[in-house]
file query36.pdb (PDB, C-alpha atoms and all ligand atoms)
ATOM      1  CA  MET A 852     185.736  41.101 -19.896
ATOM      2  CA  LEU A 853     184.302  37.982 -21.464
ATOM      3  CA  ILE A 854     185.075  37.509 -25.135
ATOM      4  CA  ALA A 855     181.362  37.471 -26.023
ATOM      5  CA  ALA A 856     180.808  40.818 -24.265
ATOM      6  CA  HIS A 857     183.925  42.232 -25.914
ATOM      7  CA  HIS A 858     182.538  41.124 -29.247
ATOM      8  CA  LEU A 859     179.260  42.960 -28.714
ATOM      9  CA  ILE A 860     181.095  46.171 -27.867
ATOM     10  CA  ASP A 861     183.413  45.738 -30.845
ATOM     11  CA  ARG A 862     180.377  45.388 -33.108
ATOM     12  CA  LEU A 863     179.315  48.880 -32.021
ATOM     13  CA  ARG A 864     182.774  50.390 -32.447
ATOM     14  CA  HIS A 865     184.173  48.652 -35.507
ATOM     15  CA  PRO A 866     183.173  47.355 -38.932
ATOM     16  CA  ARG A 867     181.388  44.055 -38.456
ATOM     17  CA  THR A 868     184.054  42.099 -40.341
ATOM     18  CA  ARG A 869     186.736  43.357 -37.958
ATOM     19  CA  ALA A 870     184.653  42.650 -34.863
ATOM     20  CA  ASP A 871     183.921  39.102 -36.020
ATOM     21  CA  ASP A 872     187.504  38.318 -37.048
ATOM     22  CA  LEU A 873     188.737  39.729 -33.766
ATOM     23  CA  ALA A 874     186.340  37.625 -31.727
ATOM     24  CA  ALA A 875     187.473  34.495 -33.554
ATOM     25  CA  LEU A 876     191.121  35.362 -32.881
ATOM     26  CA  ARG A 877     190.476  36.134 -29.213
ATOM     27  CA  ARG A 878     188.757  32.764 -28.827
ATOM     28  CA  ARG A 879     191.808  31.030 -30.302
ATOM     29  CA  PHE A 880     194.088  32.823 -27.844
ATOM     30  CA  ALA A 881     191.881  31.901 -24.920
ATOM     31  CA  ALA A 882     191.885  28.238 -25.993
ATOM     32  CA  VAL A 883     195.674  27.822 -26.011
ATOM     33  CA  ARG A 884     196.756  25.208 -23.464
ATOM     34  CA  PRO A 885     199.536  25.959 -20.938
ATOM     35  CA  PRO A 886     203.064  25.530 -22.337
ATOM     36  CA  THR A 887     205.619  22.926 -21.424
ATOM     37  CA  GLN A 888     208.789  24.339 -19.900
ATOM     38  CA  ALA A 889     210.640  23.993 -23.208
ATOM     39  CA  GLU A 890     207.831  25.761 -25.091
ATOM     40  CA  ASP A 891     207.756  28.526 -22.511
ATOM     41  CA  GLU A 892     211.502  29.131 -22.808
ATOM     42  CA  ALA A 893     211.363  29.096 -26.600
ATOM     43  CA  ALA A 894     208.424  31.517 -26.623
ATOM     44  CA  GLN A 895     210.224  33.914 -24.271
ATOM     45  CA  GLU A 896     213.250  33.808 -26.575
ATOM     46  CA  LEU A 897     211.034  34.636 -29.551
ATOM     47  CA  ARG A 898     209.598  37.594 -27.655
ATOM     48  CA  ARG A 899     213.096  38.866 -26.854
ATOM     49  CA  GLN A 900     214.103  38.568 -30.501
ATOM     50  CA  ARG A 901     210.924  40.289 -31.738
ATOM     51  CA  LEU A 902     211.691  43.264 -29.537
ATOM     52  CA  ALA A 903     215.329  43.389 -30.668
ATOM     53  CA  LEU A 904     214.427  43.256 -34.358
ATOM     54  CA  SER A 905     211.612  45.785 -33.948
ATOM     55  CA  ALA A 906     214.023  48.175 -32.249
ATOM     56  CA  ALA A 907     216.455  47.775 -35.159
ATOM     57  CA  LEU A 908     213.650  48.731 -37.561
ATOM     58  CA  SER A 909     212.279  51.629 -35.535
ATOM     59  CA  GLU A 910     213.635  54.349 -37.838
ATOM     60  CA  VAL A 911     212.543  52.978 -41.221
ATOM     61  CA  THR A 912     210.095  54.959 -43.333
ATOM     62  CA  SER A 913     209.350  52.724 -46.330
ATOM     63  CA  CYS A 914     206.583  50.864 -44.457
ATOM     64  CA  GLY A 915     204.608  54.128 -44.414
ATOM     65  CA  GLY A 916     204.370  54.539 -48.187
ATOM     66  CA  CYS A 917     204.512  51.079 -49.786
ATOM     67  CA  ALA A 918     200.760  50.760 -50.471
ATOM     68  CA  LYS A 919     200.235  54.121 -52.133
ATOM     69  CA  GLY A 920     198.226  53.777 -55.340
ATOM     70  CA  HIS A 921     197.490  50.059 -54.888
ATOM     71  CA  PRO A 922     193.934  48.744 -55.291
ATOM     72  CA  LEU A 923     191.867  48.040 -52.178
ATOM     73  CA  PRO A 924     192.315  46.755 -49.599
ATOM     74  CA  ALA A 925     196.062  47.475 -49.746
ATOM     75  CA  GLY A 926     195.561  51.014 -51.042
ATOM     76  CA  GLN A 927     193.181  51.996 -48.235
ATOM     77  CA  TRP A 928     196.197  53.691 -46.662
ATOM     78  CA  GLN A 929     199.603  54.671 -47.944
ATOM     79  CA  GLY A 930     201.520  52.220 -45.800
ATOM     80  CA  GLY A 931     201.323  48.622 -44.669
ATOM     81  CA  HIS A 932     200.970  46.769 -47.959
ATOM     82  CA  CYS A 933     202.183  43.533 -46.367
ATOM     83  CA  CYS A 934     199.434  43.878 -43.733
ATOM     84  CA  SER A 935     196.618  43.881 -46.299
ATOM     85  CA  GLY A 936     196.053  40.110 -46.271
ATOM     86  CA  ARG A 937     193.737  38.116 -44.036
ATOM     87  CA  THR A 938     194.307  38.101 -40.288
ATOM     88  CA  GLU A 939     194.508  34.321 -40.038
ATOM     89  CA  GLY A 940     197.228  34.319 -42.701
ATOM     90  CA  VAL A 941     199.680  35.672 -40.122
ATOM     91  CA  PHE A 942     198.048  34.435 -36.911
ATOM     92  CA  THR A 943     198.648  30.751 -37.581
ATOM     93  CA  ASP A 944     198.190  28.242 -34.752
ATOM     94  CA  ASP A 945     201.937  28.239 -34.082
ATOM     95  CA  GLU A 946     202.100  32.035 -34.009
ATOM     96  CA  VAL A 947     199.125  32.231 -31.649
ATOM     97  CA  ALA A 948     200.735  29.685 -29.332
ATOM     98  CA  ALA A 949     204.094  31.501 -29.411
ATOM     99  CA  LEU A 950     202.429  34.772 -28.491
ATOM    100  CA  ARG A 951     200.175  33.274 -25.840
ATOM    101  CA  PHE A 952     203.031  31.378 -24.187
ATOM    102  CA  ALA A 953     205.067  34.601 -24.065
ATOM    103  CA  GLY A 954     202.300  36.448 -22.265
ATOM    104  CA  THR A 955     200.082  37.969 -24.943
ATOM    105  CA  SER A 956     196.437  37.607 -23.973
ATOM    106  CA  HIS A 957     193.276  38.383 -25.870
ATOM    107  CA  PHE A 958     193.134  41.688 -23.927
ATOM    108  CA  ASP A 959     196.297  42.789 -25.744
ATOM    109  CA  LEU A 960     194.647  42.364 -29.140
ATOM    110  CA  MET A 961     193.434  45.935 -29.568
ATOM    111  CA  PRO A 962     192.533  47.059 -33.108
ATOM    112  CA  PRO A 963     192.639  50.555 -34.581
ATOM    113  CA  HIS A 964     189.468  52.616 -34.974
ATOM    114  CA  ALA A 965     189.495  52.760 -38.747
ATOM    115  CA  ALA A 966     188.301  50.954 -41.842
ATOM    116  CA  HIS A 967     188.986  47.220 -41.987
ATOM    117  CA  ALA A 968     191.517  46.834 -44.798
ATOM    118  CA  GLY A 969     193.358  43.547 -44.446
ATOM    119  CA  CYS A 970     194.579  42.331 -41.080
ATOM    120  CA  VAL A 971     192.280  43.512 -38.278
ATOM    121  CA  PHE A 972     195.197  45.370 -36.667
ATOM    122  CA  ARG A 973     196.156  47.353 -39.750
ATOM    123  CA  GLY A 974     195.282  51.037 -39.498
ATOM    124  CA  PRO A 975     196.214  54.352 -41.090
ATOM    125  CA  THR A 976     199.345  54.670 -38.947
ATOM    126  CA  GLY A 977     200.446  51.038 -39.142
ATOM    127  CA  CYS A 978     199.935  48.104 -36.820
ATOM    128  CA  SER A 979     197.983  48.781 -33.629
ATOM    129  CA  LEU A 980     199.741  45.988 -31.707
ATOM    130  CA  ARG A 981     202.844  46.527 -29.636
ATOM    131  CA  PRO A 982     205.838  44.750 -31.260
ATOM    132  CA  GLU A 983     205.946  42.005 -28.630
ATOM    133  CA  HIS A 984     202.340  41.118 -29.453
ATOM    134  CA  ARG A 985     202.838  40.830 -33.237
ATOM    135  CA  PRO A 986     203.325  37.490 -34.975
ATOM    136  CA  ASN A 987     206.959  36.603 -35.596
ATOM    137  CA  ILE A 988     206.460  36.676 -39.340
ATOM    138  CA  CYS A 989     205.247  40.290 -39.166
ATOM    139  CA  VAL A 990     208.398  41.356 -37.372
ATOM    140  CA  ARG A 991     210.901  39.455 -39.484
ATOM    141  CA  TYR A 992     209.426  39.946 -42.960
ATOM    142  CA  LEU A 993     211.566  42.248 -45.127
ATOM    143  CA  CYS A 994     210.084  43.286 -48.478
ATOM    144  CA  ARG A 995     212.300  44.497 -51.308
ATOM    145  CA  GLU A 996     211.480  48.160 -50.637
ATOM    146  CA  LEU A 997     212.403  47.802 -46.987
ATOM    147  CA  GLU A 998     215.609  45.990 -47.902
ATOM    148  CA  ASP A 999     216.509  48.842 -50.263
ATOM    149  CA  GLU A1000     216.029  51.376 -47.488
ATOM    150  CA  LEU A1001     218.052  49.307 -45.040
ATOM    151  CA  ARG A1002     220.844  48.996 -47.610
ATOM    152  CA  GLU A1003     220.953  52.780 -47.975
ATOM    153  CA  ARG A1004     221.073  53.131 -44.205
ATOM    154  CA  GLY A1005     223.890  50.611 -43.940
ATOM    155  CA  GLN A1006     221.704  48.355 -41.786
ATOM    156  CA  LEU A1007     220.778  45.592 -44.195
ATOM    157  CA  SER A1008     223.290  42.955 -43.079
ATOM    158  CA  ALA A1009     222.588  43.458 -39.385
ATOM    159  CA  VAL A1010     218.804  43.392 -39.817
ATOM    160  CA  LYS A1011     218.893  40.373 -42.124
ATOM    161  CA  ALA A1012     220.942  38.524 -39.517
ATOM    162  CA  LEU A1013     218.364  39.328 -36.816
ATOM    163  CA  SER A1014     215.526  38.290 -39.152
ATOM    164  CA  ALA A1015     217.227  34.983 -39.940
ATOM    165  CA  GLU A1016     217.874  34.363 -36.251
ATOM    166  CA  LEU A1017     214.199  34.959 -35.489
ATOM    167  CA  GLY A1018     213.211  32.614 -38.306
ATOM    168  CA  ARG A1019     215.408  29.865 -36.886
ATOM    169  CA  ALA A1020     214.070  30.432 -33.379
ATOM    170  CA  PHE A1021     210.512  30.158 -34.674
ATOM    171  CA  LYS A1022     211.278  26.885 -36.434
ATOM    172  CA  ASN A1023     212.792  25.580 -33.206
ATOM    173  CA  PHE A1024     209.633  26.590 -31.372
ATOM    174  CA  VAL A1025     207.440  24.827 -33.925
ATOM    175  CA  ARG A1026     209.509  21.667 -33.621
ATOM    176  CA  LEU A1027     208.693  21.545 -29.914
ATOM    177  CA  ARG A1028     204.967  21.474 -30.612
ATOM    178  CA  PRO A1029     203.062  18.239 -31.134
ATOM    179  CA  GLN A1030     201.657  18.631 -34.620
ATOM    180  CA  GLU A1031     202.013  17.518 -38.212
ATOM    181  CA  GLY A1032     204.853  19.201 -40.067
ATOM    182  CA  PRO A1033     206.574  22.506 -39.207
ATOM    183  CA  GLU A1034     205.343  25.728 -40.733
ATOM    184  CA  ASP A1035     207.606  28.672 -41.418
ATOM    185  CA  GLY A1036     204.855  31.266 -41.026
ATOM    186  CA  MET A1037     205.165  32.552 -44.600
ATOM    187  CA  ASP A1038     201.954  30.936 -45.860
ATOM    188  CA  GLY A1039     199.336  33.526 -46.673
ATOM    189  CA  PHE A1040     201.629  36.476 -46.001
ATOM    190  CA  PRO A1041     201.209  39.029 -48.766
ATOM    191  CA  LEU A1042     204.504  39.940 -50.329
ATOM    192  CA  GLY A1043     205.033  43.666 -50.699
TER     193      GLY A1043
HETATM  194  S1  LIG B   1     199.555  41.949 -36.873
HETATM  195 FE1  LIG B   1     200.199  44.033 -37.351
HETATM  196  S2  LIG B   1     202.128  43.797 -38.491
HETATM  197 FE2  LIG B   1     201.063  41.786 -38.547
HETATM  198  S3  LIG B   1     199.853  41.779 -40.466
HETATM  199 FE3  LIG B   1     198.536  42.532 -38.777
HETATM  200  S4  LIG B   1     198.729  44.797 -38.901
HETATM  201 FE4  LIG B   1     200.467  43.902 -40.014
END
call {"tool": "encode", "arguments": {"input": "query36.pdb", "output": "structure tokens"}}
result
Amino acid sequence: MLIAAHHLIDRLRHPRTRADDLAALRRRFAAVRPPTQAEDEAAQELRRQRLALSAALSEVTSCGGCAKGHPLPAGQWQGGHCCSGRTEGVFTDDEVAALRFAGTSHFDLMPPHAAHAGCVFRGPTGCSLRPEHRPNICVRYLCRELEDELRERGQLSAVKALSAELGRAFKNFVRLRPQEGPEDGMDGFPLG
């Protein structure tokens, strides 16, 4: 489906702000040029690491209650405080390229059917994207509450190591790209 047609349908199904932000993001994905071989390999490595770290975090519960009692938009739902910022804050140009090179297309960018409260993919049950389609920063970010839970579970050291490894891999990816100055993906990410 063409992005313009998708946008029209999204306008009927979603709040207008979500439909418009989503269309802008889909256009950015569609505009990404093909990767070099080095970029492709680095992006595939990032995807592998995102899946590994997401699997390590699959049992945590703190992400489902961190936004309780907060003002809007964070408090729209009980969980996902760190997802209550703007979509483009996490989908930087480098993140979009990393995802696109690893196979994520604009067809994979499916939002929840719910109020628009922060990132367009944030919904009442968390992120609507599969882990391999989420920005690297989303997967590797550990707020204090999550760290506390991981410490209690005896997982903190192992998860922090995976998060640091993913951070280094992302910086390596950024260094391969022809642009001014590396970004670490933290800009604009709301801290929980
Ligand atoms: S992409 Fe998903 S995990 Fe990342 S900020 Fe948006 S809702 Fe949260």
call {"tool": "residues_near_ligand", "arguments": {"input": "query36.pdb", "ligand": "ligand LIG 1 (chain B)", "cutoff": "10 Å", "atoms": "all atoms listed in the file", "output": "JSON, numbers by chain"}}
result
{"A": [931, 932, 933, 934, 935, 936, 937, 938, 939, 940, 941, 942, 960, 962, 963, 968, 969, 970, 971, 972, 973, 974, 976, 977, 978, 979, 980, 981, 982, 984, 985, 986, 987, 988, 989, 990, 991, 992, 1040, 1041]}
call {"tool": "write_last_selection", "arguments": {"input": "query36.pdb", "atoms": "C-alpha atoms", "output": "PDB file, in the coordinates of the input"}}
result
ATOM      1  CA  GLY A 931     201.323  48.622 -44.669  1.00  0.00           C
ATOM      2  CA  HIS A 932     200.970  46.769 -47.959  1.00  0.00           C
ATOM      3  CA  CYS A 933     202.183  43.533 -46.367  1.00  0.00           C
ATOM      4  CA  CYS A 934     199.434  43.878 -43.733  1.00  0.00           C
ATOM      5  CA  SER A 935     196.618  43.881 -46.299  1.00  0.00           C
ATOM      6  CA  GLY A 936     196.053  40.110 -46.271  1.00  0.00           C
ATOM      7  CA  ARG A 937     193.737  38.116 -44.036  1.00  0.00           C
ATOM      8  CA  THR A 938     194.307  38.101 -40.288  1.00  0.00           C
ATOM      9  CA  GLU A 939     194.508  34.321 -40.038  1.00  0.00           C
ATOM     10  CA  GLY A 940     197.228  34.319 -42.701  1.00  0.00           C
ATOM     11  CA  VAL A 941     199.680  35.672 -40.122  1.00  0.00           C
ATOM     12  CA  PHE A 942     198.048  34.435 -36.911  1.00  0.00           C
ATOM     13  CA  LEU A 960     194.647  42.364 -29.140  1.00  0.00           C
ATOM     14  CA  PRO A 962     192.533  47.059 -33.108  1.00  0.00           C
ATOM     15  CA  PRO A 963     192.639  50.555 -34.581  1.00  0.00           C
ATOM     16  CA  ALA A 968     191.517  46.834 -44.798  1.00  0.00           C
ATOM     17  CA  GLY A 969     193.358  43.547 -44.446  1.00  0.00           C
ATOM     18  CA  CYS A 970     194.579  42.331 -41.080  1.00  0.00           C
ATOM     19  CA  VAL A 971     192.280  43.512 -38.278  1.00  0.00           C
ATOM     20  CA  PHE A 972     195.197  45.370 -36.667  1.00  0.00           C
ATOM     21  CA  ARG A 973     196.156  47.353 -39.750  1.00  0.00           C
ATOM     22  CA  GLY A 974     195.282  51.037 -39.498  1.00  0.00           C
ATOM     23  CA  THR A 976     199.345  54.670 -38.947  1.00  0.00           C
ATOM     24  CA  GLY A 977     200.446  51.038 -39.142  1.00  0.00           C
ATOM     25  CA  CYS A 978     199.935  48.104 -36.820  1.00  0.00           C
ATOM     26  CA  SER A 979     197.983  48.781 -33.629  1.00  0.00           C
ATOM     27  CA  LEU A 980     199.741  45.988 -31.707  1.00  0.00           C
ATOM     28  CA  ARG A 981     202.844  46.527 -29.636  1.00  0.00           C
ATOM     29  CA  PRO A 982     205.838  44.750 -31.260  1.00  0.00           C
ATOM     30  CA  HIS A 984     202.340  41.118 -29.453  1.00  0.00           C
ATOM     31  CA  ARG A 985     202.838  40.830 -33.237  1.00  0.00           C
ATOM     32  CA  PRO A 986     203.325  37.490 -34.975  1.00  0.00           C
ATOM     33  CA  ASN A 987     206.959  36.603 -35.596  1.00  0.00           C
ATOM     34  CA  ILE A 988     206.460  36.676 -39.340  1.00  0.00           C
ATOM     35  CA  CYS A 989     205.247  40.290 -39.166  1.00  0.00           C
ATOM     36  CA  VAL A 990     208.398  41.356 -37.372  1.00  0.00           C
ATOM     37  CA  ARG A 991     210.901  39.455 -39.484  1.00  0.00           C
ATOM     38  CA  TYR A 992     209.426  39.946 -42.960  1.00  0.00           C
ATOM     39  CA  PHE A1040     201.629  36.476 -46.001  1.00  0.00           C
ATOM     40  CA  PRO A1041     201.209  39.029 -48.766  1.00  0.00           C
TER      41      PRO A1041
END
call {"tool": "resolve_selection", "arguments": {"input": "query36.pdb", "expression": "the PyMOL selection byres (((chain A and resi 890-906) around 8) and not hetatm)", "output": "list in words"}}
result
Pro886, Thr887, Gln888, Ala889, Ala907, Leu908, Ser909, Ala949, Leu950, Phe952, Ala953, Pro982, Glu983, Asn987, Val990, Arg991, Val1010, Leu1013, Ser1014, Leu1017, Ala1020, Phe1021, Asn1023, Phe1024, Leu1027 and Arg1028 of chain A
call {"tool": "resolve_selection", "arguments": {"input": "query36.pdb", "expression": "the PyMOL selection byres (((chain A and resi 918) around 10) and not hetatm)", "output": "PyMOL selection string"}}
result
chain A and resi 913-917+919-935+1043
call {"tool": "residues_around", "arguments": {"input": "query36.pdb", "residues": "His957 in chain A", "least_positions_apart": "5", "cutoff": "8 Å", "atoms": "only C-alpha atoms", "output": "list in words"}}
result
Leu876, Arg877, Arg878, Phe880 and Ala881 of chain A
call {"tool": "write_last_selection", "arguments": {"input": "query36.pdb", "atoms": "C-alpha atoms", "output": "compact mmCIF listing (two decimals), keeping the file's coordinate frame"}}
result
# COMPACT_ATOMS: atom_id res chain seq x y z
CA LEU A 876 191.12 35.36 -32.88
CA ARG A 877 190.48 36.13 -29.21
CA ARG A 878 188.76 32.76 -28.83
CA PHE A 880 194.09 32.82 -27.84
CA ALA A 881 191.88 31.90 -24.92
call {"tool": "resolve_selection", "arguments": {"input": "query36.pdb", "expression": "the PyMOL selection byres (((chain A and resi 1000-1007) around 9) and not hetatm)", "output": "list in words"}}
result
Ala907, Leu908, Val911, Thr912, Ser913, Arg995, Glu996, Leu997, Glu998, Asp999, Ser1008, Ala1009, Val1010, Lys1011 and Ala1012 of chain A
call {"tool": "atom_distance", "arguments": {"input": "query36.pdb", "atom1": "CA of Arg879 in chain A", "atom2": "CA of Asp945 in chain A"}}
result
11.2 Å
call {"tool": "atom_distance", "arguments": {"input": "query36.pdb", "atom1": "CA of Ser956 in chain A", "atom2": "CA of Pro975 in chain A"}}
result
23.9 Å
call {"tool": "residues_around", "arguments": {"input": "query36.pdb", "residues": "Ala874 in chain A", "least_positions_apart": "4", "cutoff": "7 Å", "atoms": "all atoms listed in the file", "output": "ChimeraX atom specification"}}
result
/A:854,858,870,878
call {"tool": "decode", "arguments": {"input": "query36.pdb", "residues": "range 890-901 of chain A", "atoms": "all heavy atoms", "output": "CSV table (one decimal), in the first residue's frame"}}
result
chain,number,residue,atom,x,y,z
A,890,GLU,N,27.6,-1.4,6.4
A,890,GLU,CA,26.4,-1.0,7.1
A,890,GLU,C,25.4,-2.1,7.3
A,890,GLU,O,24.8,-2.2,8.3
A,890,GLU,CB,25.8,0.2,6.3
A,890,GLU,CG,26.6,1.5,6.4
A,890,GLU,CD,26.0,2.5,5.4
A,890,GLU,OE1,25.4,2.1,4.4
A,890,GLU,OE2,26.1,3.7,5.7
A,891,ASP,N,25.3,-2.9,6.3
A,891,ASP,CA,24.4,-4.0,6.3
A,891,ASP,C,24.8,-5.0,7.4
A,891,ASP,O,23.9,-5.4,8.2
A,891,ASP,CB,24.3,-4.7,5.0
A,891,ASP,CG,23.4,-5.9,5.0
A,891,ASP,OD1,22.2,-5.7,5.2
A,891,ASP,OD2,23.9,-7.1,4.8
A,892,GLU,N,26.1,-5.3,7.5
A,892,GLU,CA,26.5,-6.3,8.5
A,892,GLU,C,26.4,-5.7,9.9
A,892,GLU,O,25.9,-6.4,10.8
A,892,GLU,CB,28.0,-6.6,8.2
A,892,GLU,CG,28.2,-7.5,7.0
A,892,GLU,CD,29.6,-7.6,6.6
A,892,GLU,OE1,30.5,-7.1,7.3
A,892,GLU,OE2,29.9,-8.3,5.6
A,893,ALA,N,26.7,-4.4,10.0
A,893,ALA,CA,26.5,-3.8,11.4
A,893,ALA,C,25.0,-3.7,11.8
A,893,ALA,O,24.7,-3.9,12.9
A,893,ALA,CB,27.1,-2.4,11.3
A,894,ALA,N,24.2,-3.5,10.8
A,894,ALA,CA,22.7,-3.4,11.1
A,894,ALA,C,22.2,-4.8,11.5
A,894,ALA,O,21.3,-4.9,12.4
A,894,ALA,CB,22.0,-2.8,9.9
A,895,GLN,N,22.7,-5.8,10.8
A,895,GLN,CA,22.2,-7.2,11.2
A,895,GLN,C,22.7,-7.5,12.6
A,895,GLN,O,22.0,-8.2,13.4
A,895,GLN,CB,22.7,-8.2,10.2
A,895,GLN,CG,22.2,-8.0,8.8
A,895,GLN,CD,20.7,-8.1,8.6
A,895,GLN,OE1,20.0,-8.7,9.5
A,895,GLN,NE2,20.2,-7.4,7.6
A,896,GLU,N,23.9,-7.1,12.9
A,896,GLU,CA,24.4,-7.3,14.3
A,896,GLU,C,23.6,-6.6,15.3
A,896,GLU,O,23.3,-7.2,16.4
A,896,GLU,CB,25.9,-6.9,14.4
A,896,GLU,CG,26.5,-7.0,15.8
A,896,GLU,CD,26.6,-8.4,16.3
A,896,GLU,OE1,26.4,-9.4,15.6
A,896,GLU,OE2,26.7,-8.5,17.6
A,897,LEU,N,23.2,-5.4,15.0
A,897,LEU,CA,22.3,-4.7,16.0
A,897,LEU,C,21.0,-5.4,16.2
A,897,LEU,O,20.5,-5.5,17.3
A,897,LEU,CB,22.1,-3.2,15.4
A,897,LEU,CG,23.2,-2.2,15.6
A,897,LEU,CD1,22.9,-1.0,14.8
A,897,LEU,CD2,23.5,-1.9,17.0
A,898,ARG,N,20.4,-5.9,15.1
A,898,ARG,CA,19.2,-6.6,15.2
A,898,ARG,C,19.3,-7.9,16.1
A,898,ARG,O,18.5,-8.1,16.9
A,898,ARG,CB,18.7,-7.0,13.8
A,898,ARG,CG,17.4,-7.7,13.7
A,898,ARG,CD,17.0,-8.1,12.3
A,898,ARG,NE,15.7,-8.6,12.1
A,898,ARG,CZ,15.3,-9.9,12.4
A,898,ARG,NH1,16.2,-10.8,12.7
A,898,ARG,NH2,14.0,-10.2,12.2
A,899,ARG,N,20.4,-8.6,15.9
A,899,ARG,CA,20.7,-9.8,16.7
A,899,ARG,C,20.8,-9.4,18.2
A,899,ARG,O,20.2,-10.0,19.0
A,899,ARG,CB,22.0,-10.4,16.2
A,899,ARG,CG,22.3,-11.8,16.9
A,899,ARG,CD,23.7,-12.2,16.7
A,899,ARG,NE,24.7,-11.4,17.3
A,899,ARG,CZ,25.0,-11.3,18.6
A,899,ARG,NH1,24.3,-12.1,19.5
A,899,ARG,NH2,25.9,-10.5,19.2
A,900,GLN,N,21.5,-8.3,18.4
A,900,GLN,CA,21.6,-7.9,19.8
A,900,GLN,C,20.3,-7.4,20.4
A,900,GLN,O,20.1,-7.5,21.6
A,900,GLN,CB,22.7,-6.8,19.9
A,900,GLN,CG,24.1,-7.4,19.7
A,900,GLN,CD,25.2,-6.4,20.1
A,900,GLN,OE1,25.0,-5.6,20.9
A,900,GLN,NE2,26.4,-6.5,19.5
A,901,ARG,N,19.5,-6.7,19.6
A,901,ARG,CA,18.2,-6.2,20.1
A,901,ARG,C,17.4,-7.4,20.6
A,901,ARG,O,16.7,-7.4,21.6
A,901,ARG,CB,17.5,-5.4,19.1
A,901,ARG,CG,18.0,-4.0,18.9
A,901,ARG,CD,17.0,-3.1,18.1
A,901,ARG,NE,16.6,-3.6,16.8
A,901,ARG,CZ,17.4,-3.4,15.7
A,901,ARG,NH1,18.5,-2.7,15.8
A,901,ARG,NH2,17.0,-3.9,14.5
